[in-house]
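Reproduced below: model20.txt, with compact mmCIF, C-alpha atoms.
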# COMPACT_ATOMS: atom_id res chain seq x y z
CA ALA A 30 30.57 -7.23 1.01
CA VAL A 31 29.27 -7.98 -2.48
CA TYR A 32 26.56 -10.22 -1.04
CA ALA A 33 25.45 -7.54 1.42
CA GLY A 34 25.04 -5.04 -1.45
CA PRO A 35 23.99 -5.69 -5.05
CA VAL A 36 23.65 -9.46 -4.81
CA LYS A 37 21.40 -9.36 -1.74
CA SER A 38 19.18 -6.69 -3.32
CA ALA A 39 19.03 -8.63 -6.56
CA GLN A 40 18.09 -11.79 -4.68
CA LYS A 41 15.12 -10.08 -2.99
CA TYR A 42 13.94 -8.70 -6.32
CA GLU A 43 14.42 -12.09 -7.98
CA THR A 44 12.28 -13.72 -5.28
CA ALA A 45 9.54 -11.10 -5.72
CA LEU A 46 9.51 -11.67 -9.50
CA ALA A 47 9.41 -15.43 -9.00
CA LYS A 48 6.33 -14.91 -6.83
CA VAL A 49 4.70 -12.91 -9.64
CA SER A 50 5.54 -15.63 -12.16
CA THR A 51 3.48 -18.16 -10.17
CA ILE A 52 0.23 -16.42 -11.13
CA ALA A 53 1.12 -14.22 -14.13
CA ASP A 54 0.26 -15.22 -17.68
CA SER A 55 3.68 -15.00 -19.33
CA THR A 56 2.12 -15.49 -22.77
CA LYS A 57 0.60 -12.00 -22.41
CA VAL A 58 3.59 -10.33 -20.81
CA PRO A 59 6.97 -12.13 -20.64
CA MET A 60 8.56 -11.89 -17.21
CA GLU A 61 11.63 -10.14 -18.66
CA THR A 62 9.37 -7.42 -20.09
CA MET A 63 7.43 -7.13 -16.84
CA SER A 64 10.67 -6.80 -14.89
CA LYS A 65 11.79 -3.91 -17.10
CA GLU A 66 8.42 -2.20 -16.69
CA ILE A 67 8.54 -2.58 -12.91
CA MET A 68 12.09 -1.21 -12.79
CA ALA A 69 11.10 1.78 -14.94
CA LEU A 70 8.11 2.47 -12.69
CA SER A 71 10.35 2.25 -9.63
CA ASN A 72 12.72 4.85 -11.08
CA THR A 73 9.75 7.12 -11.87
CA THR A 74 8.00 6.90 -8.51
CA GLY A 75 10.89 6.34 -6.12
CA ILE A 76 9.19 3.22 -4.72
CA SER A 77 11.38 0.14 -4.40
CA ALA A 78 11.25 -2.32 -7.28
CA THR A 79 10.75 -5.22 -4.88
CA ALA A 80 7.72 -3.52 -3.28
CA LEU A 81 6.25 -2.80 -6.71
CA ALA A 82 6.75 -6.43 -7.76
CA ASP A 83 4.77 -7.45 -4.67
CA ASP A 84 2.05 -4.98 -5.69
CA VAL A 85 1.91 -6.48 -9.18
CA TYR A 86 1.45 -9.92 -7.61
CA ASN A 87 -1.36 -8.60 -5.38
CA ALA A 88 -3.03 -6.86 -8.32
CA ILE A 89 -3.11 -10.06 -10.38
CA SER A 90 -4.18 -12.02 -7.30
CA ALA A 91 -7.09 -9.57 -6.84
CA GLY A 92 -8.33 -10.28 -10.34
CA GLN A 93 -6.48 -7.86 -12.59
CA ASP A 94 -5.33 -9.19 -15.95
CA THR A 95 -1.59 -9.77 -16.34
CA GLY A 96 -1.53 -7.35 -19.27
CA ASP A 97 -3.08 -4.60 -17.10
CA ALA A 98 -1.21 -5.32 -13.87
CA VAL A 99 1.77 -2.96 -14.20
CA ASN A 100 -0.42 -0.13 -15.49
CA PHE A 101 -2.78 -0.73 -12.57
CA VAL A 102 0.13 -0.57 -10.14
CA THR A 103 1.30 2.62 -11.85
CA TYR A 104 -1.94 4.29 -10.76
CA SER A 105 -1.84 2.82 -7.25
CA SER A 106 1.79 3.96 -6.85
CA LYS A 107 1.08 7.52 -7.97
CA LEU A 108 -2.02 7.57 -5.79
CA ALA A 109 0.13 6.47 -2.84
CA LYS A 110 2.56 9.35 -3.36
CA ALA A 111 -0.23 11.88 -3.92
CA GLY A 112 -2.36 10.53 -1.07
CA PHE A 113 0.34 10.13 1.61
CA ALA A 114 -0.20 6.38 1.71
CA GLU A 115 1.68 3.14 1.18
CA SER A 116 1.36 1.60 -2.27
CA ALA A 117 -0.08 -1.58 -0.73
CA GLN A 118 -2.88 0.50 0.86
CA THR A 119 -3.87 2.22 -2.35
CA LEU A 120 -3.67 -1.00 -4.32
CA ASP A 121 -6.07 -2.58 -1.82
CA VAL A 122 -8.68 0.20 -1.98
CA LEU A 123 -8.53 0.41 -5.79
CA THR A 124 -9.00 -3.33 -6.28
CA THR A 125 -11.79 -3.33 -3.67
CA VAL A 126 -13.69 -0.58 -5.50
CA LEU A 127 -13.22 -2.00 -8.99
CA ASN A 128 -14.16 -5.52 -7.92
CA ALA A 129 -17.23 -4.39 -5.94
CA TYR A 130 -18.58 -2.18 -8.72
CA GLY A 131 -17.58 -4.59 -11.49
CA MET A 132 -15.47 -1.97 -13.25
CA GLU A 133 -12.92 -2.75 -15.93
CA ALA A 134 -9.23 -2.01 -15.39
CA ASP A 135 -9.39 1.12 -17.57
CA LYS A 136 -11.53 2.79 -14.89
CA VAL A 137 -8.73 2.73 -12.33
CA GLY A 138 -7.66 6.27 -13.22
CA MET A 139 -11.18 7.59 -12.67
CA VAL A 140 -11.44 5.89 -9.28
CA SER A 141 -8.00 7.13 -8.28
CA ASP A 142 -8.96 10.69 -9.22
CA MET A 143 -12.12 10.50 -7.10
CA LEU A 144 -10.08 9.53 -4.07
CA ILE A 145 -7.72 12.46 -4.61
CA GLN A 146 -10.65 14.84 -5.05
CA THR A 147 -12.09 13.53 -1.77
CA GLN A 148 -8.77 14.35 -0.13
CA ASN A 149 -8.77 17.79 -1.76
CA LYS A 150 -12.36 18.68 -0.81
CA GLY A 151 -12.55 17.00 2.58
CA LYS A 152 -10.38 16.84 5.67
CA VAL A 153 -9.01 13.37 5.04
CA THR A 154 -6.12 11.63 3.28
CA VAL A 155 -6.20 8.78 0.80
CA ALA A 156 -4.29 6.75 3.40
CA GLU A 157 -7.21 7.16 5.82
CA LEU A 158 -9.77 6.39 3.12
CA SER A 159 -7.85 3.25 2.16
CA SER A 160 -8.16 1.87 5.67
CA VAL A 161 -11.95 2.33 6.00
CA MET A 162 -13.70 2.45 2.62
CA GLY A 163 -13.73 -1.32 2.24
CA LYS A 164 -16.43 -1.44 4.93
CA ILE A 165 -18.93 0.75 3.08
CA ILE A 166 -18.31 -0.07 -0.59
CA PRO A 167 -20.30 -3.36 -0.57
CA THR A 168 -23.23 -1.61 1.14
CA ALA A 169 -23.18 1.25 -1.34
CA LYS A 170 -22.98 -1.03 -4.36
CA SER A 171 -25.84 -3.25 -3.16
CA ASN A 172 -28.03 -0.15 -2.85
CA ASN A 173 -27.09 1.30 -6.28
CA VAL A 174 -25.19 4.19 -4.70
CA ALA A 175 -22.50 5.28 -7.18
CA LEU A 176 -18.92 5.75 -6.02
CA GLU A 177 -18.99 9.52 -6.61
CA GLN A 178 -21.95 9.73 -4.20
CA VAL A 179 -19.96 7.91 -1.53
CA THR A 180 -16.80 9.97 -1.99
CA ALA A 181 -18.83 13.19 -1.98
CA GLY A 182 -20.24 12.04 1.35
CA TYR A 183 -16.74 11.52 2.75
CA ALA A 184 -15.68 14.98 1.54
CA ILE A 185 -18.66 16.69 3.19
CA MET A 186 -18.61 14.82 6.49
CA THR A 187 -14.85 14.96 7.06
CA ALA A 188 -14.85 18.67 6.16
CA LYS A 189 -17.44 19.10 8.93
CA GLY A 190 -14.98 17.59 11.41
CA ILE A 191 -16.13 13.95 11.46
CA ALA A 192 -13.20 11.54 11.22
CA ALA A 193 -13.01 9.06 8.33
CA ALA A 194 -13.68 6.03 10.54
CA GLU A 195 -16.79 7.61 12.11
CA THR A 196 -17.96 8.83 8.70
CA THR A 197 -17.79 5.26 7.47
CA THR A 198 -19.82 3.97 10.41
CA TYR A 199 -22.45 6.71 10.15
CA MET A 200 -22.94 6.51 6.37
CA ASN A 201 -22.95 2.72 6.43
CA SER A 202 -25.70 2.75 9.07
CA MET A 203 -27.71 5.29 7.06
CA LEU A 204 -27.45 3.33 3.80
CA ASN A 205 -28.43 0.12 5.55
CA GLU A 206 -31.55 1.73 7.02
CA LEU A 207 -32.51 3.32 3.73
CA GLY A 208 -32.05 0.11 1.78
CA LYS A 209 -33.47 -2.43 4.23
CA SER A 210 -37.12 -3.23 3.75
CA GLY A 211 -39.34 -2.54 6.76
CA THR A 212 -37.21 0.09 8.50
CA SER A 213 -38.72 3.41 9.49
CA ALA A 214 -36.70 5.20 6.79
CA ASP A 215 -37.79 2.69 4.14
CA LYS A 216 -41.47 3.02 5.02
CA LYS A 217 -41.38 6.82 5.04
CA LEU A 218 -39.53 6.94 1.73
CA ARG A 219 -42.00 4.63 0.02
CA GLU A 220 -44.90 6.69 1.34
CA ALA A 221 -43.38 9.99 0.21
CA ALA A 222 -41.73 8.96 -3.08
CA GLY A 223 -43.66 5.85 -4.09
CA ALA A 224 -40.49 3.80 -4.44
CA GLY A 225 -37.71 2.31 -2.35
CA PHE A 226 -34.16 3.60 -1.95
CA LYS A 227 -32.55 1.17 -4.41
CA GLU A 228 -35.11 1.99 -7.09
CA LEU A 229 -34.72 5.76 -6.65
CA MET A 230 -30.92 5.53 -6.86
CA ALA A 231 -31.18 3.34 -9.96
CA GLU A 232 -33.42 5.99 -11.55
CA GLY A 233 -30.63 8.56 -11.20
CA LYS A 234 -31.60 10.34 -7.99
CA SER A 235 -28.71 11.66 -5.92
CA LEU A 236 -28.35 10.70 -2.28
CA SER A 237 -29.13 14.29 -1.29
CA GLU A 238 -32.35 14.31 -3.31
CA VAL A 239 -33.54 11.18 -1.54
CA LEU A 240 -32.66 12.65 1.87
CA ASN A 241 -34.45 15.87 0.93
CA ILE A 242 -37.64 13.91 0.19
CA LEU A 243 -37.46 12.45 3.68
CA GLN A 244 -36.67 15.80 5.26
CA GLU A 245 -39.63 17.57 3.62
CA ASP A 246 -41.94 14.75 4.70
CA ALA A 247 -40.58 14.91 8.25
CA ILE A 248 -41.09 18.67 8.47
CA LYS A 249 -44.72 18.28 7.37
CA ASN A 250 -45.22 15.95 10.32
CA GLY A 251 -43.48 18.25 12.79
CA LYS A 252 -40.30 16.15 12.95
CA SER A 253 -36.68 16.41 11.86
CA LEU A 254 -34.72 14.37 9.35
CA ALA A 255 -32.85 12.64 12.19
CA ASP A 256 -36.17 11.37 13.58
CA VAL A 257 -36.73 9.32 10.42
CA PHE A 258 -33.85 6.98 11.28
CA GLY A 259 -33.73 4.36 13.99
CA SER A 260 -30.08 4.92 14.98
CA ALA A 261 -28.36 8.12 16.02
CA GLU A 262 -25.44 7.35 13.69
CA ALA A 263 -27.66 7.08 10.62
CA GLY A 264 -29.52 10.26 11.57
CA LYS A 265 -26.27 12.18 12.06
CA ALA A 266 -25.01 11.10 8.62
CA ALA A 267 -28.25 12.19 6.93
CA VAL A 268 -28.33 15.59 8.65
CA THR A 269 -24.65 16.27 7.91
CA LEU A 270 -24.87 15.26 4.25
CA LEU A 271 -27.82 17.59 3.73
CA SER A 272 -26.34 20.45 5.77
CA ASP A 273 -25.42 22.40 2.60
CA GLY A 274 -28.64 21.52 0.84
CA VAL A 275 -29.25 19.43 -2.26
CA LYS A 276 -27.20 21.80 -4.41
CA GLY A 277 -24.26 21.67 -2.01
CA PHE A 278 -24.16 17.87 -2.09
CA ASN A 279 -24.62 17.66 -5.85
CA LYS A 280 -21.81 20.18 -6.32
CA GLN A 281 -19.48 17.89 -4.40
CA VAL A 282 -20.56 14.98 -6.59
CA LYS A 283 -19.54 17.00 -9.67
CA ASN A 284 -16.21 17.82 -7.99
CA MET A 285 -15.49 14.11 -7.73
CA LEU A 286 -15.60 13.80 -11.51
CA LYS A 287 -13.73 16.98 -12.35
CA ALA A 288 -10.16 17.06 -13.66
CA SER A 289 -7.53 19.49 -12.38
CA ASP A 290 -6.64 21.96 -15.16
CA GLY A 291 -7.22 19.33 -17.81
CA VAL A 292 -5.01 16.78 -16.02
CA GLY A 293 -6.25 13.91 -13.89
CA ALA A 294 -6.41 14.80 -10.20
CA THR A 295 -4.00 11.99 -9.30
CA GLN A 296 -1.39 13.01 -11.86
CA ALA A 297 -1.63 16.67 -10.84
CA ALA A 298 -1.16 15.85 -7.14
CA PHE A 299 1.61 13.36 -7.92
CA GLU A 300 3.55 15.97 -9.90
CA GLN A 301 3.28 18.43 -7.02
CA MET A 302 4.63 15.87 -4.56
CA GLU A 303 7.43 14.86 -6.94
CA ASP A 304 8.63 18.46 -7.16
CA THR A 305 9.80 18.49 -3.52
CA THR A 306 13.47 18.14 -2.56
CA GLU A 307 12.69 15.14 -0.37
CA ALA A 308 10.99 13.33 -3.25
CA LYS A 309 13.91 14.06 -5.58
CA MET A 310 16.38 12.68 -3.02
CA GLU A 311 14.25 9.56 -2.53
CA LYS A 312 14.14 8.97 -6.28
CA ALA A 313 17.90 9.43 -6.56
CA LYS A 314 18.55 7.01 -3.72
CA ASN A 315 16.11 4.50 -5.16
CA SER A 316 17.72 4.77 -8.61
CA VAL A 317 21.09 3.91 -7.08
CA GLU A 318 19.52 0.90 -5.36
CA ASN A 319 17.98 -0.18 -8.65
CA LEU A 320 21.38 0.08 -10.33
CA GLY A 321 22.69 -2.20 -7.62
CA ILE A 322 19.91 -4.69 -8.39
CA VAL A 323 20.77 -4.67 -12.10
CA ILE A 324 24.47 -5.21 -11.31
CA GLY A 325 23.57 -7.86 -8.77
CA GLN A 326 21.44 -9.74 -11.29
CA ASN A 327 24.58 -10.35 -13.35
CA LEU A 328 26.35 -11.65 -10.26
CA LEU A 329 23.56 -13.97 -9.14
CA PRO A 330 24.83 -16.99 -11.15
CA VAL A 331 28.28 -16.54 -9.61
CA ALA A 332 26.81 -16.16 -6.13
CA GLY A 333 24.68 -19.25 -6.61
CA ASP A 334 27.68 -21.29 -7.76
CA LEU A 335 29.75 -19.99 -4.85
CA ALA A 336 26.99 -20.88 -2.39
CA GLU A 337 26.91 -24.43 -3.70
CA LYS A 338 30.66 -24.72 -3.14
CA ILE A 339 30.67 -23.09 0.27
CA THR A 340 27.89 -25.27 1.69
CA PRO A 341 29.86 -28.57 1.83
CA VAL A 342 32.90 -26.77 3.28
CA VAL A 343 30.83 -25.20 6.05
CA THR A 344 29.17 -28.56 6.67
CA LYS A 345 32.58 -30.21 7.17
CA ILE A 346 33.64 -27.47 9.59
CA SER A 347 30.40 -27.90 11.49
CA ASP A 348 30.98 -31.65 11.73
CA PHE A 349 34.55 -31.02 12.98
CA VAL A 350 33.33 -28.59 15.66
CA GLN A 351 30.78 -31.11 16.91
CA ALA A 352 33.38 -33.90 16.97
CA ASN A 353 36.07 -31.83 18.76
CA PRO A 354 34.29 -29.55 21.26
CA LYS A 355 37.24 -29.37 23.74
CA LEU A 356 39.78 -28.38 21.10
CA VAL A 357 37.45 -25.71 19.70
CA SER A 358 36.84 -24.37 23.20
CA THR A 359 40.59 -24.11 23.89
CA VAL A 360 41.28 -22.36 20.59
CA GLY A 361 38.41 -19.99 21.28
CA LYS A 362 39.84 -19.01 24.66
CA VAL A 363 43.29 -18.39 23.17
CA VAL A 364 41.82 -16.22 20.42
CA ALA A 365 39.74 -14.29 22.94
CA GLY A 366 42.80 -13.72 25.10
CA LEU A 367 44.84 -12.46 22.18
CA ALA A 368 42.00 -10.18 21.16
CA ALA A 369 41.87 -8.75 24.67
CA ALA A 370 45.61 -8.15 24.55
CA ARG A 371 45.24 -6.35 21.21
CA VAL A 372 42.35 -4.20 22.41
CA GLY A 373 44.30 -3.28 25.54
CA PHE A 374 46.58 -1.13 23.34
CA LEU A 375 49.19 -3.88 23.18
CA GLY A 376 50.08 -3.39 26.84
CA LEU A 377 50.43 -7.06 27.66
CA LYS A 378 53.90 -8.60 27.57
CA LEU A 379 54.25 -12.27 26.89
CA ALA A 380 57.41 -14.32 26.46
CA GLY A 381 59.51 -11.17 26.48
CA LEU A 382 57.66 -9.73 23.52
CA SER A 383 55.37 -6.70 23.33
CA GLY A 384 53.36 -4.84 20.74
CA GLU A 385 51.65 -6.16 17.67
CA ASP A 386 54.77 -7.91 16.42
CA GLY A 387 54.96 -9.70 19.75
CA ILE A 388 51.43 -11.04 19.43
CA ILE A 389 52.17 -12.29 15.92
CA SER A 390 55.26 -14.05 17.29
CA ILE A 391 53.15 -15.65 20.03
CA ILE A 392 50.72 -16.97 17.43
CA LYS A 393 53.62 -18.44 15.47
CA LYS A 394 54.92 -20.16 18.64
CA LEU A 395 51.50 -21.63 19.39
CA VAL A 396 51.25 -22.90 15.83
CA SER A 397 54.72 -24.50 16.05
CA LEU A 398 53.82 -26.12 19.40
CA ARG A 399 50.60 -27.46 17.91
CA ALA A 400 52.55 -28.83 14.95
CA GLY A 401 55.02 -30.46 17.31
For this file, write the structure as structure tokens.
Amino acid sequence: AVYAGPVKSAQKYETALAKVSTIADSTKVPMETMSKEIMALSNTTGISATALADDVYNAISAGQDTGDAVNFVTYSSKLAKAGFAESAQTLDVLTTVLNAYGMEADKVGMVSDMLIQTQNKGKVTVAELSSVMGKIIPTAKSNNVALEQVTAGYAIMTAKGIAAAETTTYMNSMLNELGKSGTSADKKLREAAGAGFKELMAEGKSLSEVLNILQEDAIKNGKSLADVFGSAEAGKAAVTLLSDGVKGFNKQVKNMLKASDGVGATQAAFEQMEDTTEAKMEKAKNSVENLGIVIGQNLLPVAGDLAEKITPVVTKISDFVQANPKLVSTVGKVVAGLAAARVGFLGLKLAGLSGEDGIISIIKKLVSLRAG
């Protein structure tokens, strides 16, 4: 019973921490300190300590410094709660963005807030964004398209009824056509603006301003913005992003960088989610489980010592069973028969005895016969 409770939970947590220790720099953060920080974060967020330890491992594995790992996971955990996602999902999208854009760890809060603002302004969740954004981030970065431009695009297109997965495909196609030399969009842009897409974005142009240049040029030639692009997907993205005009797009870009009442968008959304009865119950339950882990950690040495002593005993029993299969089979049948008699409400009468006392007497007789 003890093993199935605190000790088993403590063992899982111990294994997760051991995994972290294989890649963590303990000279920056001792494992004992990291364990306390993970446990405190677990009590705050209601996410299991073992899951958070796995997230810390993945954060360090993805390139985060050991000293920043728990803080990084703090943001990914709060983003998960606020964005209706799993902590592993949010950790993945945050590390993908930071690594692709070459951002330092202290920018994680800004990126997290942009994702929440995208959820707030669009018709999409952070969970959905986490599963698709990895496909467009490299394309955006290679074309000098800032993250707030990308997230503004998601907000606009999903609000217009285009699902996150399709939005990713459409915008990715559009950015590829704009940035690839020799495409119809590239040629038209160079003719109208005197520079390519990457150069214009590096100069500080917004995506909507670039699309507006193409649209005005297309109108002069009796065509539409969609006609500029070679694929229907790219054309649909361009038309949708410019549907509210340059000002509408740029307003969404500003929304991506705006705090909520002086508090980061992630923290504000997290606090709202934490104020629900369900969240409070989850935190309470998780705190009890964490208490079990702490208690179990003190029992681990005892459990380990007991396991070492049990192993040779079980091995001897196993050897005996293999050496005496007929005897074991006979004993098994007798035990099964007695069990059936017990389950049958003690209705079976043997050797003039009935009831539970009778069965005990039968066992004693069998033992005495075996001894004889």
| Pick the closest to Asn284 (chain A) from A:Ala263, A:Ala184, A:Leu204, A:Val268: which is it, counting all atoms listed in the file? |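 Going through A:Ala263, A:Ala184, A:Leu204, A:Val268 one by one, the smallest distance to Asn284 (chain A) is for A:Ala184.
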| query | Which value, in Å to one decimal, gives the distance between CA of Thr147 (chain A) and CA of Thr74 (chain A)? | reply |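 CA of Thr147 (chain A) sits 22.2 Å away from CA of Thr74 (chain A).
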| Hey, which of A:Lys170, A:Lys217, A:Lys107, A:Lys164 ends up closest to Asp256 (chain A)? Count only C-alpha atoms. |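 Of A:Lys170, A:Lys217, A:Lys107, A:Lys164, the one nearest Asp256 (chain A), counting only C-alpha atoms, is A:Lys217.
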Exercise: Tyr104 (chain A) partners within 8 Å, all atoms listed in the file, chain neighbours under 6 positions left out, as a short mmCIF file (atom, residue, chain, number, x, y, z; two decimals) with C-alpha atoms, in the frame of the given file:
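Below is the file that was written, out.cif:
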data_model
loop_
_atom_site.label_atom_id
_atom_site.label_comp_id
_atom_site.auth_asym_id
_atom_site.auth_seq_id
_atom_site.Cartn_x
_atom_site.Cartn_y
_atom_site.Cartn_z
CA VAL A 137 -8.73 2.73 -12.33
CA GLY A 138 -7.66 6.27 -13.22
CA SER A 141 -8.00 7.13 -8.28
#
| Point-to-point distance from CA of Ser202 (chain A) to CA of Ala114 (chain A), Å rounded to tenths |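 Atom-to-atom, CA of Ser202 (chain A) to CA of Ala114 (chain A), that is 26.8 Å.
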| query | Which one is closest to Ala39 (chain A): A:Asp348, A:Glu157, A:Glu318, A:Asp84? Count only C-alpha atoms. | reply |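 Smallest distance to Ala39 (chain A) is found for A:Glu318.
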Residues near Gly225 (chain A), cut-off 9 Å, only C-alpha atoms, skip fewer than 3 positions along chain, as an mmCIF file with C-alpha atoms, keeping the file's coordinate frame:
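File written: part_27.cif
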data_model
loop_
_atom_site.group_PDB
_atom_site.id
_atom_site.type_symbol
_atom_site.label_atom_id
_atom_site.label_comp_id
_atom_site.auth_asym_id
_atom_site.auth_seq_id
_atom_site.Cartn_x
_atom_site.Cartn_y
_atom_site.Cartn_z
ATOM 1 C CA LEU A 207 -32.510 3.320 3.730
ATOM 2 C CA GLY A 208 -32.050 0.110 1.780
ATOM 3 C CA SER A 210 -37.120 -3.230 3.750
ATOM 4 C CA ASP A 215 -37.790 2.690 4.140
ATOM 5 C CA LYS A 216 -41.470 3.020 5.020
ATOM 6 C CA LEU A 218 -39.530 6.940 1.730
ATOM 7 C CA ARG A 219 -42.000 4.630 0.020
ATOM 8 C CA ALA A 222 -41.730 8.960 -3.080
ATOM 9 C CA GLU A 228 -35.110 1.990 -7.090
ATOM 10 C CA LEU A 229 -34.720 5.760 -6.650
ATOM 11 C CA MET A 230 -30.920 5.530 -6.860
#
| said: What does the structure give for the distance between CA of Phe258 (chain A) and CA of Ala214 (chain A), in Å to one decimal? | reply: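 Computing it gives 5.6 Å between the two atoms.
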| Using all atoms listed in the file, which residues sit within 10 Å of Ser160 (chain A) once same-chain residues fewer than 5 positions away are excluded, as an MDAnalysis selection string? | chainID A and resid 114 118:119 121:122 155 193:194
